[in-house]
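Raw work_17.csv, CSV, N, CA and C atoms:
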```
chain,number,residue,atom,x,y,z
A,1,ASN,N,0.9,92.4,-89.6
A,1,ASN,CA,1.3,91.6,-88.6
A,1,ASN,C,2.8,91.7,-88.4
A,2,ILE,N,3.3,92.3,-87.3
A,2,ILE,CA,4.7,92.5,-87.1
A,2,ILE,C,5.5,91.3,-86.9
A,3,ILE,N,4.9,90.2,-86.4
A,3,ILE,CA,5.6,88.9,-86.2
A,3,ILE,C,6.1,88.4,-87.6
A,4,SER,N,5.4,88.8,-88.7
A,4,SER,CA,5.8,88.3,-90.0
A,4,SER,C,7.1,89.0,-90.4
A,5,LYS,N,7.5,90.0,-89.7
A,5,LYS,CA,8.8,90.7,-90.0
A,5,LYS,C,10.0,90.1,-89.4
A,6,VAL,N,9.8,89.0,-88.6
A,6,VAL,CA,10.9,88.3,-88.0
A,6,VAL,C,11.7,87.7,-89.2
A,7,THR,N,13.0,87.8,-89.1
A,7,THR,CA,13.9,87.2,-90.2
A,7,THR,C,14.8,86.2,-89.6
A,8,VAL,N,15.1,85.1,-90.3
A,8,VAL,CA,16.0,84.1,-90.0
A,8,VAL,C,17.1,84.1,-91.1
A,9,PHE,N,18.3,84.3,-90.8
A,9,PHE,CA,19.4,84.4,-91.8
A,9,PHE,C,20.7,83.9,-91.2
A,10,PRO,N,21.7,83.5,-92.0
A,10,PRO,CA,21.6,83.2,-93.4
A,10,PRO,C,20.8,81.9,-93.6
A,11,ASN,N,20.3,81.7,-94.7
A,11,ASN,CA,19.5,80.4,-94.9
A,11,ASN,C,19.7,80.0,-96.4
A,12,PRO,N,20.4,79.0,-96.7
A,12,PRO,CA,20.9,77.9,-95.8
A,12,PRO,C,22.2,78.4,-95.0
A,13,SER,N,22.6,77.7,-94.0
A,13,SER,CA,23.7,78.0,-93.2
A,13,SER,C,24.5,76.8,-92.9
A,14,SER,N,25.8,76.9,-92.8
A,14,SER,CA,26.6,75.8,-92.4
A,14,SER,C,27.0,75.9,-90.9
A,15,ASN,N,26.7,77.1,-90.3
A,15,ASN,CA,27.0,77.3,-88.9
A,15,ASN,C,25.7,77.7,-88.1
A,16,ASP,N,25.8,79.0,-87.6
A,16,ASP,CA,24.7,79.5,-86.9
A,16,ASP,C,23.6,80.1,-87.8
A,17,PHE,N,22.4,80.2,-87.2
A,17,PHE,CA,21.3,81.0,-87.8
A,17,PHE,C,21.1,82.2,-86.9
A,18,ASN,N,20.8,83.4,-87.4
A,18,ASN,CA,20.4,84.5,-86.7
A,18,ASN,C,18.9,84.7,-86.8
A,19,ILE,N,18.3,85.0,-85.7
A,19,ILE,CA,16.9,85.3,-85.7
A,19,ILE,C,16.7,86.8,-85.2
A,20,ASN,N,16.3,87.6,-86.1
A,20,ASN,CA,16.1,89.0,-85.8
A,20,ASN,C,14.7,89.3,-85.5
A,21,ILE,N,14.4,89.6,-84.2
A,21,ILE,CA,13.0,89.8,-83.8
A,21,ILE,C,12.8,91.3,-83.6
A,22,PRO,N,11.9,91.9,-84.4
A,22,PRO,CA,11.6,93.4,-84.3
A,22,PRO,C,11.0,93.7,-82.9
A,23,TYR,N,10.9,95.0,-82.6
A,23,TYR,CA,10.3,95.4,-81.4
A,23,TYR,C,8.8,95.1,-81.4
A,24,LEU,N,8.4,94.3,-80.4
A,24,LEU,CA,7.0,93.9,-80.3
A,24,LEU,C,6.4,94.4,-79.0
A,25,ASN,N,6.5,95.7,-78.8
A,25,ASN,CA,6.0,96.3,-77.5
A,25,ASN,C,6.6,95.6,-76.3
A,26,GLY,N,7.9,95.2,-76.4
A,26,GLY,CA,8.6,94.6,-75.3
A,26,GLY,C,8.1,93.2,-74.9
A,27,GLU,N,7.2,92.6,-75.7
A,27,GLU,CA,6.7,91.3,-75.4
A,27,GLU,C,7.8,90.2,-75.5
A,28,LYS,N,7.6,89.1,-74.7
A,28,LYS,CA,8.4,88.0,-74.9
A,28,LYS,C,7.9,87.2,-76.1
A,29,VAL,N,8.8,86.5,-76.7
A,29,VAL,CA,8.5,85.7,-77.8
A,29,VAL,C,8.9,84.2,-77.5
A,30,ILE,N,8.2,83.3,-78.0
A,30,ILE,CA,8.6,81.9,-77.9
A,30,ILE,C,9.1,81.4,-79.2
A,31,ILE,N,10.2,80.7,-79.2
A,31,ILE,CA,10.8,80.2,-80.4
A,31,ILE,C,10.9,78.6,-80.3
A,32,LYS,N,10.3,78.0,-81.3
A,32,LYS,CA,10.3,76.5,-81.3
A,32,LYS,C,10.9,76.0,-82.6
A,33,VAL,N,11.8,75.0,-82.5
A,33,VAL,CA,12.4,74.5,-83.7
A,33,VAL,C,12.0,73.0,-83.8
A,34,TYR,N,11.5,72.7,-85.0
A,34,TYR,CA,11.0,71.3,-85.3
A,34,TYR,C,11.8,70.7,-86.4
A,35,ASP,N,12.0,69.3,-86.3
A,35,ASP,CA,12.6,68.6,-87.5
A,35,ASP,C,11.5,68.4,-88.5
A,36,VAL,N,11.8,67.8,-89.6
A,36,VAL,CA,10.9,67.6,-90.7
A,36,VAL,C,9.8,66.6,-90.3
A,37,GLN,N,9.9,65.8,-89.3
A,37,GLN,CA,8.9,64.9,-88.8
A,37,GLN,C,8.0,65.7,-87.8
A,38,HIS,N,8.2,67.0,-87.7
A,38,HIS,CA,7.5,67.8,-86.8
A,38,HIS,C,7.7,67.5,-85.3
A,39,ARG,N,8.8,67.0,-85.0
A,39,ARG,CA,9.2,66.7,-83.6
A,39,ARG,C,9.9,68.0,-83.0
A,40,MET,N,9.5,68.5,-81.9
A,40,MET,CA,10.1,69.7,-81.4
A,40,MET,C,11.5,69.3,-80.8
A,41,ILE,N,12.5,70.1,-81.2
A,41,ILE,CA,13.9,69.8,-80.8
A,41,ILE,C,14.4,70.9,-79.9
A,42,LYS,N,13.8,72.1,-80.0
A,42,LYS,CA,14.2,73.2,-79.2
A,42,LYS,C,13.0,74.0,-78.9
A,43,ASN,N,13.0,74.6,-77.7
A,43,ASN,CA,11.9,75.5,-77.2
A,43,ASN,C,12.5,76.5,-76.3
A,44,PHE,N,12.5,77.8,-76.6
A,44,PHE,CA,13.1,78.8,-75.7
A,44,PHE,C,12.3,80.1,-75.9
A,45,SER,N,12.5,81.0,-75.0
A,45,SER,CA,11.9,82.3,-75.1
A,45,SER,C,13.0,83.4,-75.2
A,46,ALA,N,12.5,84.5,-75.7
A,46,ALA,CA,13.5,85.6,-75.9
A,46,ALA,C,12.7,86.9,-75.8
A,47,ASN,N,13.4,88.0,-75.7
A,47,ASN,CA,12.8,89.3,-75.7
A,47,ASN,C,12.6,89.8,-77.1
A,48,SER,N,11.6,90.6,-77.4
A,48,SER,CA,11.6,91.3,-78.7
A,48,SER,C,12.7,92.3,-78.8
A,49,ASN,N,12.9,92.8,-80.0
A,49,ASN,CA,14.0,93.7,-80.4
A,49,ASN,C,15.3,93.1,-80.0
A,50,GLN,N,15.5,91.8,-80.4
A,50,GLN,CA,16.7,91.1,-80.1
A,50,GLN,C,17.2,90.3,-81.3
A,51,LEU,N,18.5,90.1,-81.4
A,51,LEU,CA,19.1,89.2,-82.4
A,51,LEU,C,19.6,88.0,-81.6
A,52,ILE,N,19.2,86.8,-82.1
A,52,ILE,CA,19.5,85.5,-81.4
A,52,ILE,C,20.3,84.7,-82.4
A,53,LYS,N,21.3,84.1,-81.8
A,53,LYS,CA,22.1,83.1,-82.6
A,53,LYS,C,21.7,81.7,-82.1
A,54,MET,N,21.4,80.8,-83.1
A,54,MET,CA,21.1,79.5,-82.8
A,54,MET,C,21.5,78.5,-83.9
A,55,GLY,N,21.5,77.3,-83.7
A,55,GLY,CA,21.7,76.3,-84.7
A,55,GLY,C,23.0,75.7,-84.8
A,56,TYR,N,24.0,76.2,-84.0
A,56,TYR,CA,25.3,75.6,-84.0
A,56,TYR,C,25.3,74.1,-83.6
A,57,ASP,N,24.3,73.7,-82.8
A,57,ASP,CA,24.3,72.3,-82.4
A,57,ASP,C,23.3,71.5,-83.2
A,58,LEU,N,22.7,72.0,-84.3
A,58,LEU,CA,21.8,71.3,-85.2
A,58,LEU,C,22.6,70.4,-86.1
A,59,LYS,N,22.1,69.2,-86.4
A,59,LYS,CA,22.7,68.4,-87.4
A,59,LYS,C,22.3,68.9,-88.8
A,60,PRO,N,23.1,68.6,-89.9
A,60,PRO,CA,22.6,69.0,-91.2
A,60,PRO,C,21.2,68.5,-91.5
A,61,GLY,N,20.4,69.3,-92.1
A,61,GLY,CA,19.1,68.9,-92.5
A,61,GLY,C,18.2,70.1,-92.6
A,62,ALA,N,16.9,69.8,-92.8
A,62,ALA,CA,15.9,70.9,-92.8
A,62,ALA,C,15.1,71.0,-91.5
A,63,TYR,N,14.7,72.2,-91.1
A,63,TYR,CA,14.0,72.4,-89.9
A,63,TYR,C,13.0,73.5,-90.1
A,64,ILE,N,12.0,73.5,-89.2
A,64,ILE,CA,11.0,74.6,-89.2
A,64,ILE,C,11.2,75.4,-87.9
A,65,VAL,N,11.3,76.7,-88.0
A,65,VAL,CA,11.4,77.6,-86.9
A,65,VAL,C,10.1,78.3,-86.7
A,66,GLU,N,9.4,78.2,-85.6
A,66,GLU,CA,8.2,78.8,-85.3
A,66,GLU,C,8.4,79.9,-84.2
A,67,ILE,N,8.0,81.1,-84.6
A,67,ILE,CA,8.1,82.2,-83.6
A,67,ILE,C,6.7,82.7,-83.2
A,68,ILE,N,6.5,82.7,-81.9
A,68,ILE,CA,5.1,82.9,-81.4
A,68,ILE,C,5.2,84.2,-80.5
A,69,SER,N,4.2,85.1,-80.7
A,69,SER,CA,4.1,86.3,-79.8
A,69,SER,C,2.6,86.5,-79.7
A,70,GLY,N,2.1,86.3,-78.4
A,70,GLY,CA,0.7,86.5,-78.2
A,70,GLY,C,-0.1,85.5,-79.0
A,71,ASN,N,-1.1,85.9,-79.8
A,71,ASN,CA,-1.9,85.1,-80.6
A,71,ASN,C,-1.3,84.9,-82.1
A,72,ASN,N,-0.2,85.5,-82.3
A,72,ASN,CA,0.4,85.5,-83.7
A,72,ASN,C,1.6,84.6,-83.7
A,73,SER,N,1.8,83.9,-84.9
A,73,SER,CA,2.9,83.1,-85.0
A,73,SER,C,3.4,83.1,-86.5
A,74,ASN,N,4.6,82.8,-86.7
A,74,ASN,CA,5.2,82.7,-88.0
A,74,ASN,C,6.1,81.5,-88.1
A,75,LYS,N,6.1,80.8,-89.2
A,75,LYS,CA,6.9,79.6,-89.4
A,75,LYS,C,7.8,79.9,-90.6
A,76,THR,N,9.1,79.5,-90.4
A,76,THR,CA,10.1,79.6,-91.5
A,76,THR,C,10.9,78.3,-91.6
A,77,LYS,N,11.1,77.9,-92.8
A,77,LYS,CA,11.9,76.7,-93.1
A,77,LYS,C,13.4,77.1,-93.1
A,78,ILE,N,14.3,76.4,-92.4
A,78,ILE,CA,15.7,76.7,-92.5
A,78,ILE,C,16.4,75.4,-92.9
A,79,VAL,N,17.6,75.5,-93.5
A,79,VAL,CA,18.4,74.4,-93.9
A,79,VAL,C,19.8,74.5,-93.3
A,80,LYS,N,20.2,73.5,-92.6
A,80,LYS,CA,21.6,73.5,-92.1
A,80,LYS,C,22.4,72.6,-93.0
A,81,GLN,N,23.5,73.1,-93.5
A,81,GLN,CA,24.3,72.3,-94.5
A,81,GLN,C,25.4,71.5,-93.7
```
Write the structure described by the file as structure tokens, please.
Amino acid sequence: NIISKVTVFPNPSSNDFNINIPYLNGEKVIIKVYDVQHRMIKNFSANSNQLIKMGYDLKPGAYIVEIISGNNSNKTKIVKQ
């Protein structure tokens, strides 16, 4: 499953997080960010084969980043210091 090759780094971070999305046949991907109470706080789309910077506006704490492409999804826990 290529969606499992998506990486979020650095983790933990005191500034931005980078989301590296590998080439997924040019598909759009949906990125959702949830707080620890599973409330969605961000929802945006991106192209595959892209590096995305996000998180500069997140408050310190733990979050879940979900990346969705077609019927596949991957969740990653991130920590903003």
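Distances to Ile3 of chain A were evaluated for A:Lys42, A:Lys75, A:Lys32, A:Lys53 using only C-alpha atoms, and the minimum falls at A:Lys75.
Across A:Pro22, A:Tyr63, A:Phe17, A:Phe9, the tightest approach to Gln37 of chain A is made by A:Tyr63 when counting only N, CA and C atoms.
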* Contacts of Thr7 of chain A within 7 Å, all atoms listed in the file, excl. fewer than 6 positions in-chain, as a count of residues only -> 5
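Of note, atom CA of Val65 of chain A and atom CA of Ile41 of chain A are spaced 10.2 Å apart.
Distances here use all atoms listed in the file; by that measure, the residue among A:Ile2, A:Asp16, A:Gln81, A:Asn71 closest to Tyr56 of chain A is A:Asp16.
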